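Source file: input29.pdb; contents: PDB, C-alpha atoms.
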```
ATOM      1  CA  MET L  13      12.780 -14.216   0.740
ATOM      2  CA  ASN L  14      15.416 -13.683  -1.981
ATOM      3  CA  ALA L  15      13.569 -16.172  -4.195
ATOM      4  CA  SER L  16      10.261 -14.356  -3.659
ATOM      5  CA  TYR L  17      11.889 -11.031  -4.489
ATOM      6  CA  ASN L  18      13.362 -12.383  -7.726
ATOM      7  CA  ILE L  19       9.984 -13.794  -8.775
ATOM      8  CA  ALA L  20       8.201 -10.507  -8.100
ATOM      9  CA  ARG L  21      10.764  -8.285  -9.837
ATOM     10  CA  ASN L  22      11.564 -10.528 -12.817
ATOM     11  CA  GLN L  23       8.716 -13.008 -13.347
ATOM     12  CA  THR L  24       5.164 -13.296 -12.008
ATOM     13  CA  ALA L  25       4.571 -13.687  -8.289
ATOM     14  CA  LEU L  26       1.505 -15.419  -6.919
ATOM     15  CA  LEU L  27       0.664 -14.416  -3.340
ATOM     16  CA  ASP L  28      -2.013 -15.576  -0.938
ATOM     17  CA  LEU L  29      -2.913 -12.367   0.931
ATOM     18  CA  GLY L  30      -5.583 -13.996   3.058
ATOM     19  CA  ASN L  31      -4.427 -12.155   6.193
ATOM     20  CA  GLU L  32      -5.145  -8.741   4.683
ATOM     21  CA  GLY L  33      -8.354  -6.857   5.492
ATOM     22  CA  ARG L  34     -11.297  -6.843   3.104
ATOM     23  CA  VAL L  35     -14.666  -5.400   4.026
ATOM     24  CA  ARG L  36     -17.874  -4.820   2.097
ATOM     25  CA  ILE L  37     -20.096  -1.882   3.070
ATOM     26  CA  GLY L  38     -23.602  -1.609   1.661
ATOM     27  CA  GLY L  39     -26.925  -0.091   2.628
ATOM     28  CA  ALA L  40     -28.756   3.167   2.006
ATOM     29  CA  ASP L  41     -26.250   5.273   3.973
ATOM     30  CA  ALA L  42     -23.103   3.482   2.785
ATOM     31  CA  GLU L  43     -21.592   6.316   0.756
ATOM     32  CA  GLN L  44     -22.449   9.121   3.147
ATOM     33  CA  ALA L  45     -21.348   7.236   6.267
ATOM     34  CA  LEU L  46     -18.096   5.887   4.824
ATOM     35  CA  ASN L  47     -17.208   9.181   3.173
ATOM     36  CA  ALA L  48     -17.571  10.973   6.506
ATOM     37  CA  CYS L  49     -14.689   9.018   8.026
ATOM     38  CA  PHE L  50     -12.291   8.794   5.049
ATOM     39  CA  SER L  51      -9.640  11.311   3.960
ATOM     40  CA  MET L  52     -10.538  11.185   0.272
ATOM     41  CA  ASP L  53     -13.863  12.212  -1.277
ATOM     42  CA  LEU L  54     -15.794   9.083  -2.230
ATOM     43  CA  GLU L  55     -18.665  11.107  -3.690
ATOM     44  CA  ILE L  56     -16.578  12.029  -6.747
ATOM     45  CA  ILE L  57     -15.328   8.487  -7.404
ATOM     46  CA  LEU L  58     -17.021   6.826 -10.367
ATOM     47  CA  PRO L  59     -18.606   3.377  -9.980
ATOM     48  CA  TRP L  60     -16.185   0.490 -10.457
ATOM     49  CA  LYS L  61     -13.234   2.743  -9.636
ATOM     50  CA  GLY L  62     -11.239   3.170  -6.435
ATOM     51  CA  VAL L  63      -8.978   5.497  -4.472
ATOM     52  CA  THR L  64      -6.292   5.033  -1.821
ATOM     53  CA  GLY L  65      -6.609   7.135   1.306
ATOM     54  CA  LEU L  66      -6.511   7.188   5.089
ATOM     55  CA  PHE L  67      -8.651   6.543   8.099
ATOM     56  CA  LEU L  68      -7.569   9.038  10.762
ATOM     57  CA  ASN L  69      -8.320   9.740  14.397
ATOM     58  CA  GLU L  70      -9.369  13.176  15.619
ATOM     59  CA  GLN L  71      -5.724  14.113  16.302
ATOM     60  CA  GLY L  72      -4.770  13.420  12.690
ATOM     61  CA  GLY L  73      -3.035  10.145  13.545
ATOM     62  CA  ILE L  74      -3.151   7.405  10.922
ATOM     63  CA  LEU L  75      -5.324   4.443  11.895
ATOM     64  CA  ALA L  76      -5.066   2.660   8.552
ATOM     65  CA  ILE L  77      -4.055   3.082   4.943
ATOM     66  CA  ALA L  78      -6.834   1.702   2.762
ATOM     67  CA  THR L  79      -7.985   1.436  -0.822
ATOM     68  CA  VAL L  80     -11.732   1.893  -1.291
ATOM     69  CA  PHE L  81     -13.560   0.779  -4.438
ATOM     70  CA  LYS L  82     -17.078   1.912  -5.319
ATOM     71  CA  GLY L  83     -19.544  -0.542  -6.822
ATOM     72  CA  ASP L  84     -23.037   0.263  -8.066
ATOM     73  CA  ASP L  85     -24.518   0.221  -4.564
ATOM     74  CA  GLU L  86     -21.698  -0.967  -2.313
ATOM     75  CA  PHE L  87     -18.089  -0.267  -1.344
ATOM     76  CA  PHE L  88     -15.087  -2.531  -0.863
ATOM     77  CA  VAL L  89     -12.423  -1.512   1.654
ATOM     78  CA  PHE L  90      -8.991  -3.160   1.563
ATOM     79  CA  THR L  91      -6.170  -2.699   4.049
ATOM     80  CA  GLU L  92      -2.945  -4.458   5.052
ATOM     81  CA  ALA L  93      -2.851  -7.348   7.496
ATOM     82  CA  ALA L  94      -1.497  -5.204  10.342
ATOM     83  CA  THR L  95      -4.623  -3.029  10.388
ATOM     84  CA  ALA L  96      -7.236  -5.568   9.249
ATOM     85  CA  ALA L  97      -8.832  -6.204  12.654
ATOM     86  CA  SER L  98      -8.517  -2.666  14.003
ATOM     87  CA  LEU L  99     -10.002  -1.067  10.879
ATOM     88  CA  LEU L 100     -12.950  -3.468  10.895
ATOM     89  CA  GLN L 101     -13.642  -2.539  14.523
ATOM     90  CA  HIS L 102     -13.217   1.157  13.740
ATOM     91  CA  LEU L 103     -15.735   0.951  10.901
ATOM     92  CA  ARG L 104     -18.255  -0.874  13.049
ATOM     93  CA  GLU L 105     -17.982   1.782  15.746
ATOM     94  CA  ARG L 106     -17.862   4.774  13.413
ATOM     95  CA  LEU L 107     -20.756   3.645  11.216
ATOM     96  CA  SER L 108     -23.003   2.423  14.022
ATOM     97  CA  GLY L 109     -26.419   4.020  13.858
ATOM     98  CA  ALA L 110     -26.289   4.506  10.098
ATOM     99  CA  ASP L 111     -28.270   2.380   7.654
ATOM    100  CA  VAL L 112     -25.274   0.315   6.550
ATOM    101  CA  GLU L 113     -24.318  -3.338   6.236
ATOM    102  CA  ILE L 114     -20.725  -4.158   7.194
ATOM    103  CA  GLU L 115     -19.425  -7.556   6.089
ATOM    104  CA  ASP L 116     -16.028  -9.007   6.910
ATOM    105  CA  LEU L 117     -15.283 -10.612   3.555
ATOM    106  CA  SER L 118     -12.439 -12.689   4.990
ATOM    107  CA  GLN L 119     -15.116 -15.039   6.313
ATOM    108  CA  ARG L 120     -16.239 -15.947   2.780
ATOM    109  CA  PHE L 121     -13.590 -14.818   0.303
ATOM    110  CA  GLY L 122      -9.878 -15.310  -0.172
ATOM    111  CA  TRP L 123      -7.617 -12.532  -1.447
ATOM    112  CA  ILE L 124      -5.178 -13.627  -4.154
ATOM    113  CA  CYS L 125      -2.560 -11.394  -5.776
ATOM    114  CA  VAL L 126      -0.675 -11.733  -9.069
ATOM    115  CA  LEU L 127       2.135  -9.218  -9.583
ATOM    116  CA  GLY L 128       5.327  -8.683 -11.515
ATOM    117  CA  PRO L 129       6.571  -7.434 -14.896
ATOM    118  CA  ARG L 130       4.882 -10.356 -16.667
ATOM    119  CA  ALA L 131       1.697 -10.312 -14.585
ATOM    120  CA  GLN L 132      -0.385  -8.493 -17.201
ATOM    121  CA  ASN L 133       0.388 -11.124 -19.839
ATOM    122  CA  ALA L 134      -0.332 -13.901 -17.380
ATOM    123  CA  MET L 135      -3.644 -12.364 -16.313
ATOM    124  CA  SER L 136      -4.624 -11.901 -19.956
ATOM    125  CA  GLN L 137      -4.463 -15.668 -20.283
ATOM    126  CA  PHE L 138      -6.248 -16.378 -17.003
ATOM    127  CA  ALA L 139      -8.916 -13.663 -17.095
ATOM    128  CA  GLY L 140      -9.242 -12.830 -20.805
ATOM    129  CA  ASP L 141      -7.742 -10.170 -23.056
ATOM    130  CA  GLU L 142     -10.311  -7.615 -21.852
ATOM    131  CA  ILE L 143      -8.263  -7.052 -18.688
ATOM    132  CA  LEU L 144      -5.620  -5.285 -20.819
ATOM    133  CA  GLY L 145      -7.963  -2.304 -20.782
ATOM    134  CA  LEU L 146      -8.670  -2.420 -17.053
ATOM    135  CA  PRO L 147      -7.387   0.904 -15.658
ATOM    136  CA  TYR L 148      -5.332   1.259 -12.508
ATOM    137  CA  LEU L 149      -7.593   1.350  -9.427
ATOM    138  CA  ALA L 150     -10.563  -0.170 -11.229
ATOM    139  CA  PHE L 151     -12.327  -3.517 -10.902
ATOM    140  CA  GLU L 152     -14.673  -5.817 -12.747
ATOM    141  CA  GLU L 153     -16.735  -8.965 -12.350
ATOM    142  CA  ASN L 154     -14.574 -11.389 -14.285
ATOM    143  CA  VAL L 155     -16.665 -14.149 -15.819
ATOM    144  CA  LYS L 156     -13.736 -16.365 -16.739
ATOM    145  CA  LEU L 157     -12.325 -16.372 -13.215
ATOM    146  CA  GLU L 158     -15.737 -16.223 -11.518
ATOM    147  CA  ALA L 159     -14.276 -13.614  -9.191
ATOM    148  CA  LYS L 160     -14.069  -9.874  -8.671
ATOM    149  CA  LEU L 161     -10.826  -8.703 -10.258
ATOM    150  CA  PHE L 162      -9.130  -5.521  -8.986
ATOM    151  CA  ARG L 163      -6.190  -3.741 -10.549
ATOM    152  CA  MET L 164      -4.017  -2.264  -7.819
ATOM    153  CA  GLY L 165      -0.313  -1.541  -7.384
ATOM    154  CA  PHE L 166       1.979  -0.631  -4.520
ATOM    155  CA  CYS L 167       5.377  -1.855  -5.701
ATOM    156  CA  GLY L 168       5.896  -0.516  -9.213
ATOM    157  CA  GLU L 169       4.808  -3.712 -10.958
ATOM    158  CA  PHE L 170       1.615  -4.851 -12.660
ATOM    159  CA  GLU L 171      -0.598  -6.004  -9.805
ATOM    160  CA  TYR L 172      -3.976  -7.734  -9.881
ATOM    161  CA  ARG L 173      -5.996  -8.978  -6.933
ATOM    162  CA  MET L 174      -8.976 -11.309  -6.832
ATOM    163  CA  LEU L 175     -11.783 -11.855  -4.366
ATOM    164  CA  CYS L 176     -12.342 -15.575  -4.707
ATOM    165  CA  PRO L 177     -14.781 -17.738  -2.691
ATOM    166  CA  LEU L 178     -12.767 -19.537  -0.006
ATOM    167  CA  GLU L 179     -13.785 -22.969  -1.265
ATOM    168  CA  ARG L 180     -12.246 -22.192  -4.670
ATOM    169  CA  CYS L 181      -9.014 -20.513  -3.570
ATOM    170  CA  GLN L 182      -6.799 -23.587  -3.639
ATOM    171  CA  GLU L 183      -8.136 -24.525  -7.062
ATOM    172  CA  MET L 184      -7.430 -21.008  -8.351
ATOM    173  CA  LEU L 185      -3.882 -20.981  -6.970
ATOM    174  CA  LEU L 186      -3.092 -24.347  -8.546
ATOM    175  CA  GLY L 187      -4.632 -23.212 -11.826
ATOM    176  CA  PHE L 188      -2.382 -20.153 -11.930
ATOM    177  CA  LEU L 189       0.690 -22.252 -11.177
ATOM    178  CA  ASP L 190      -0.136 -24.923 -13.755
ATOM    179  CA  GLY L 191      -1.272 -22.540 -16.496
ATOM    180  CA  GLY L 192       1.219 -19.751 -15.971
ATOM    181  CA  GLN L 193       4.553 -21.491 -16.393
ATOM    182  CA  GLU L 194       5.391 -19.616 -19.602
ATOM    183  CA  PHE L 195       5.052 -16.358 -17.650
ATOM    184  CA  GLY L 196       7.192 -17.553 -14.755
ATOM    185  CA  VAL L 197       4.295 -17.787 -12.289
ATOM    186  CA  GLU L 198       5.521 -19.019  -8.908
ATOM    187  CA  MET L 199       4.335 -18.743  -5.326
ATOM    188  CA  ALA L 200       5.989 -15.976  -3.304
ATOM    189  CA  GLN L 201       5.943 -15.107   0.377
ATOM    190  CA  PRO L 202       3.507 -12.288   1.266
ATOM    191  CA  GLU L 203       6.197 -10.729   3.479
ATOM    192  CA  VAL L 204       8.163  -9.728   0.368
ATOM    193  CA  MET L 205       5.609  -6.966  -0.213
ATOM    194  CA  LEU L 206       7.178  -4.902   2.587
ATOM    195  CA  LEU L 207      10.497  -4.673   0.728
ATOM    196  CA  LEU L 208       8.914  -4.211  -2.695
ATOM    197  CA  MET L 209       6.858  -1.339  -1.317
ATOM    198  CA  LEU L 210       9.795   0.270   0.507
ATOM    199  CA  GLU L 211      11.765   0.445  -2.751
ATOM    200  CA  MET L 212       8.890   2.442  -4.261
ATOM    201  CA  ARG L 213       8.290   4.394  -1.033
ATOM    202  CA  SER L 214       4.810   2.919  -0.637
ATOM    203  CA  LEU L 215       4.398   3.011   3.118
ATOM    204  CA  GLY L 216       2.743   0.478   5.375
ATOM    205  CA  ILE L 217       1.453   1.238   8.849
ATOM    206  CA  ALA L 218       4.656  -0.217  10.362
ATOM    207  CA  ASP L 219       6.624   2.565   8.636
ATOM    208  CA  ILE L 220       4.628   5.299  10.344
ATOM    209  CA  PRO L 221       5.263   6.333  13.986
ATOM    210  CA  SER L 222       2.170   6.274  16.169
ATOM    211  CA  ASP L 223       2.336  10.064  16.635
ATOM    212  CA  ALA L 224       2.859  10.867  12.941
ATOM    213  CA  ASP L 225       0.305  12.591  10.730
ATOM    214  CA  PRO L 226      -0.084  12.283   6.928
ATOM    215  CA  ILE L 227       2.113  15.343   6.331
ATOM    216  CA  GLN L 228       5.059  13.912   8.264
ATOM    217  CA  ALA L 229       4.723  10.597   6.432
ATOM    218  CA  GLY L 230       4.565  12.294   3.037
ATOM    219  CA  LEU L 231       1.062  10.916   2.461
ATOM    220  CA  HIS L 232      -0.497  14.292   1.671
ATOM    221  CA  TRP L 233      -1.570  12.844  -1.679
ATOM    222  CA  MET L 234      -3.928  10.542   0.249
ATOM    223  CA  VAL L 235      -5.804  13.547   1.640
ATOM    224  CA  ASN L 236      -8.332  15.672  -0.256
ATOM    225  CA  PHE L 237      -7.637  19.113   1.221
ATOM    226  CA  ARG L 238     -10.773  20.515  -0.440
ATOM    227  CA  LYS L 239     -12.978  18.100   1.488
ATOM    228  CA  GLU L 240     -14.839  19.987   4.193
ATOM    229  CA  ALA L 241     -15.093  17.324   6.883
ATOM    230  CA  TYR L 242     -13.324  14.149   7.974
ATOM    231  CA  PRO L 243     -11.792  13.056  11.294
ATOM    232  CA  GLY L 244      -8.550  14.876  12.072
ATOM    233  CA  ARG L 245      -9.021  17.533   9.374
ATOM    234  CA  ASP L 246      -8.021  20.463  11.597
ATOM    235  CA  ALA L 247      -4.933  18.648  12.862
ATOM    236  CA  VAL L 248      -3.854  17.737   9.322
ATOM    237  CA  LEU L 249      -4.277  21.314   8.105
ATOM    238  CA  ALA L 250      -2.227  22.564  11.065
ATOM    239  CA  ALA L 251       0.503  20.018  10.294
ATOM    240  CA  LYS L 252       0.494  21.096   6.650
ATOM    241  CA  ALA L 253       1.071  24.698   7.684
ATOM    242  CA  GLU L 254       3.841  23.800  10.143
ATOM    243  CA  PRO L 255       5.234  20.254   9.707
ATOM    244  CA  ARG L 256       7.153  18.770  12.640
ATOM    245  CA  ARG L 257       9.024  16.080  10.696
ATOM    246  CA  ARG L 258       9.546  14.916   7.138
ATOM    247  CA  ALA L 259       9.857  11.357   5.838
ATOM    248  CA  LEU L 260      12.876  10.811   3.588
ATOM    249  CA  MET L 261      14.290   7.820   1.717
ATOM    250  CA  LEU L 262      17.960   7.182   2.366
ATOM    251  CA  LEU L 263      20.617   5.186   0.558
ATOM    252  CA  LEU L 264      23.112   3.790   3.063
ATOM    253  CA  GLU L 265      26.825   3.747   2.329
ATOM    254  CA  LYS L 266      27.450   0.450   4.112
ATOM    255  CA  ASN L 267      25.291  -2.664   4.307
ATOM    256  CA  GLY L 268      24.448  -4.071   7.729
ATOM    257  CA  ALA L 269      25.627  -0.974   9.616
ATOM    258  CA  ALA L 270      22.204   0.421  10.590
ATOM    259  CA  LYS L 271      18.803  -0.784  11.752
ATOM    260  CA  ALA L 272      15.352   0.604  12.468
ATOM    261  CA  GLY L 273      15.384   2.866  15.495
ATOM    262  CA  ASP L 274      18.907   4.191  14.970
ATOM    263  CA  ARG L 275      19.282   7.973  15.179
ATOM    264  CA  ILE L 276      20.558  10.110  12.301
ATOM    265  CA  GLU L 277      22.955  12.980  12.935
ATOM    266  CA  ILE L 278      24.796  15.852  11.284
ATOM    267  CA  GLU L 279      27.992  16.887  13.059
ATOM    268  CA  GLU L 280      26.856  14.825  16.065
ATOM    269  CA  GLN L 281      23.597  16.739  16.359
ATOM    270  CA  ASP L 282      20.467  14.553  16.405
ATOM    271  CA  PHE L 283      18.020  15.239  13.566
ATOM    272  CA  GLY L 284      15.779  12.159  13.480
ATOM    273  CA  PHE L 285      15.661   8.378  13.250
ATOM    274  CA  LEU L 286      15.417   5.406  10.894
ATOM    275  CA  ALA L 287      11.949   3.852  10.764
ATOM    276  CA  HIS L 288      12.601   1.008   8.303
ATOM    277  CA  VAL L 289      15.881  -0.443   7.042
ATOM    278  CA  ASP L 290      16.148  -3.237   4.481
ATOM    279  CA  TYR L 291      18.483  -4.587   1.820
ATOM    280  CA  SER L 292      17.489  -3.859  -1.782
ATOM    281  CA  PRO L 293      18.680  -6.635  -4.117
ATOM    282  CA  ALA L 294      18.031  -4.380  -7.118
ATOM    283  CA  LEU L 295      20.425  -1.737  -5.776
ATOM    284  CA  GLU L 296      22.673  -4.143  -3.850
ATOM    285  CA  ARG L 297      22.532  -1.603  -1.030
ATOM    286  CA  ASP L 298      20.749  -1.064   2.243
ATOM    287  CA  ILE L 299      17.933   1.468   1.989
ATOM    288  CA  ALA L 300      15.970   3.183   4.719
ATOM    289  CA  LEU L 301      12.959   5.312   5.461
ATOM    290  CA  ALA L 302      13.828   8.056   7.947
ATOM    291  CA  TYR L 303      11.978  10.813   9.756
ATOM    292  CA  THR L 304      13.976  13.986  10.128
ATOM    293  CA  ASP L 305      13.782  17.703  10.786
ATOM    294  CA  PRO L 306      11.551  19.163   8.014
ATOM    295  CA  GLU L 307      14.248  21.598   6.916
ATOM    296  CA  LEU L 308      16.639  18.698   6.260
ATOM    297  CA  GLY L 309      14.293  16.197   4.640
ATOM    298  CA  TRP L 310      15.526  16.692   1.089
ATOM    299  CA  VAL L 311      17.331  14.747  -1.617
ATOM    300  CA  GLY L 312      21.102  15.129  -1.344
ATOM    301  CA  VAL L 313      21.313  15.806   2.397
ATOM    302  CA  SER L 314      23.772  13.436   4.095
ATOM    303  CA  PHE L 315      23.441  12.125   7.634
ATOM    304  CA  ARG L 316      25.511   9.855   9.843
ATOM    305  CA  THR L 317      23.577   6.995  11.429
ATOM    306  CA  ALA L 318      24.285   6.331  15.087
ATOM    307  CA  GLY L 319      23.563   2.914  16.570
ATOM    308  CA  GLU L 320      24.958  -0.234  18.111
ATOM    309  CA  ASP L 321      26.258  -1.458  14.734
ATOM    310  CA  GLY L 322      28.692   1.420  14.317
ATOM    311  CA  GLY L 323      26.722   3.565  11.920
ATOM    312  CA  CYS L 324      27.456   4.759   8.400
ATOM    313  CA  TRP L 325      26.771   7.631   6.030
ATOM    314  CA  ALA L 326      23.242   7.875   4.594
ATOM    315  CA  THR L 327      22.145  10.216   1.815
ATOM    316  CA  GLY L 328      18.649  11.394   0.940
ATOM    317  CA  VAL L 329      17.485  10.028  -2.421
ATOM    318  CA  SER L 330      14.430  10.521  -4.601
ATOM    319  CA  ALA L 331      11.726   7.902  -4.699
ATOM    320  CA  PRO L 332      10.971   5.507  -6.245
ATOM    321  CA  LEU L 333      14.545   4.342  -5.934
ATOM    322  CA  PHE L 334      14.661   2.787  -9.414
ATOM    323  CA  VAL L 335      12.532   2.190 -12.495
ATOM    324  CA  THR L 336      10.932  -1.265 -12.486
ATOM    325  CA  LYS L 337      10.689  -3.577 -15.494
ATOM    326  CA  THR L 338       6.948  -3.039 -15.528
ATOM    327  CA  VAL L 339       7.360   0.717 -15.898
ATOM    328  CA  SER L 340      10.253   0.596 -18.369
ATOM    329  CA  GLY L 341       8.445  -1.946 -20.525
ATOM    330  CA  SER L 342       5.137  -0.068 -20.654
TER     331      SER L 342
END
```

How does the structure come out when it is put into structure tokens?
Amino acid sequence: MNASYNIARNQTALLDLGNEGRVRIGGADAEQALNACFSMDLEIILPWKGVTGLFLNEQGGILAIATVFKGDDEFFVFTEAATAASLLQHLRERLSGADVEIEDLSQRFGWICVLGPRAQNAMSQFAGDEILGLPYLAFEENVKLEAKLFRMGFCGEFEYRMLCPLERCQEMLLGFLDGGQEFGVEMAQPEVMLLLMLEMRSLGIADIPSDADPIQAGLHWMVNFRKEAYPGRDAVLAAKAEPRRRALMLLLEKNGAAKAGDRIEIEEQDFGFLAHVDYSPALERDIALAYTDPELGWVGVSFRTAGEDGGCWATGVSAPLFVTKTVSGS
């Protein structure tokens, strides 16, 4: 994992994300039906652009975090591996009865990712110089790659993803490795994404308690509050008016002294828990995502963790936790 992290933060990481969810939705009712069950407003998204948002239940609980791209007459829905199967089932149930076509693209297409501070230069060679003008959350039919090319980004680095026919995936991966040596292209483990995202406070479904709403998770930016109707709207608006918890990034004083599930305290009074703890090689410190009392979920507040490993001091910090090479070099 350390090798994968180094590749992603300093070179160009090549990841096979074949376990992640990818769905195509077409048909006469595609936009209306999909928009009715998504937290963002797809009607205002321009063709060949995308938006990241949420699929919610009626209680405002988060079923999946997804990025939706609009084509000329179809939509592409991408989600993490942990929610791939459940979101596909949810869409089939929610959109039943509408004039839509729902295709599980994992049956025909692989999902390949190139990311890192040198990824843009590498992709310029692989896909052509035109990709330098591809905006964030946009996609194109790339003739050189013979694949749909999406520009995304969840970890503070340049990030490109490709829908490639399954029969060509191995050839594409080998081509990137052989032709990208000058850009430090190497294979990396998909699991490294969880740490890369945590450092930027890009949450995955595993970081969100089952009873949490978008407000608690700090994902209010994935909700269009002007949108008149979507599942869970009333619950989300109520949570916005009176939040029960607040997600907060913490920097831990001592490495190895806390783990997910540990409580956080002030003067021995319980104020929340740690949802995700990991070691950040960039900071050489343990970092954590915590859920705490909303009045205490602010930068600079210090807690004491309480768990089997003895605990340590943890201080609220702003996110992202550091500036990446991609950002500083842009």

*Of the candidates L:Glu105, L:Leu215, L:Phe121, L:Gly62, which shows the shortest atom-to-atom distance to Gln182 of chain L, using only C-alpha atoms?*
L:Phe121

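When atom CA of Val63 of chain L is paired with atom CA of Val235 of chain L, their separation reads 10.6 Å.
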
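Here atom CA of Leu264 of chain L and atom CA of Ala94 of chain L stand 27.2 Å from one another.
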
*Name the residues that the PyMOL selection byres ((chain L and resi 243) around 10) pulls out of this structure, and write them as a VMD selection string.*
chain L and resid 48 to 51 67 to 73 241 to 242 244 to 248

*I would like the residues chosen by the PyMOL selection byres ((chain L and resi 80-89) around 10) on the shown file; could you give them as an MDAnalysis selection string?*
chainID L and resid 33:43 46 50 52 54:55 57:66 77:79 90:91 99:100 112:117 149:152 162

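Coordinates place atom CA of Glu32 of chain L at a distance of 24.9 Å from atom CA of Gln44 of chain L.
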
*Fewer than 4 positions away in the same chain doesn't count, so skip those; otherwise give me all residues within 10 Å of Asp321 of chain L, counting only C-alpha atoms, as a VMD selection string.*
chain L and resid 268 to 271 274 317

Expected file contents, prior selection, C-alpha atoms, as an mmCIF file, in the coordinates of the input:
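After the write, selection.cif holds the following:
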```cif
data_model
loop_
_atom_site.group_PDB
_atom_site.id
_atom_site.type_symbol
_atom_site.label_atom_id
_atom_site.label_comp_id
_atom_site.auth_asym_id
_atom_site.auth_seq_id
_atom_site.Cartn_x
_atom_site.Cartn_y
_atom_site.Cartn_z
ATOM 1 C CA GLY L 268 24.448 -4.071 7.729
ATOM 2 C CA ALA L 269 25.627 -0.974 9.616
ATOM 3 C CA ALA L 270 22.204 0.421 10.590
ATOM 4 C CA LYS L 271 18.803 -0.784 11.752
ATOM 5 C CA ASP L 274 18.907 4.191 14.970
ATOM 6 C CA THR L 317 23.577 6.995 11.429
#
```

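Here the question is which of L:Leu26, L:Met209, L:Ile74, L:Val126 gets nearest to Pro226 of chain L using all atoms listed in the file, and that residue is L:Ile74.
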
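Distances from L:Leu262, L:Leu144, L:Leu178, L:Leu27 to Leu333 of chain L were compared using all atoms listed in the file, and the smallest one belongs to L:Leu262.
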
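With distances restricted to all atoms listed in the file, L:Gly30 is the closest residue to Ala93 of chain L from L:Gly30, L:Gly128, L:Gly328, L:Gly122.
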
_Top pick for closest residue to Glu179 of chain L, considering L:Arg120, L:Leu286, L:Asn18, L:Pro293 and counting all atoms listed in the file_ = L:Arg120

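Remark: for Ala15 of chain L, the closest of the candidate residues L:Glu198, L:Glu142, L:Asp111, L:Glu171 is L:Glu198 (distances computed over only C-alpha atoms).
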
*Compile the contact shell of Ala294 of chain L as a PyMOL selection string: residues with an atom at most 12 Å away, counting all atoms listed in the file, same-chain residues fewer than 5 positions apart removed.*
chain L and resi 14+17-18+20-22+207-208+211-212+299+333-337

*So which residues get picked by the PyMOL selection byres ((chain L and resi 280) around 10) here, written as JSON, numbers by chain?*
{"L": [276, 277, 278, 279, 281, 282, 283, 315, 316, 317, 318]}
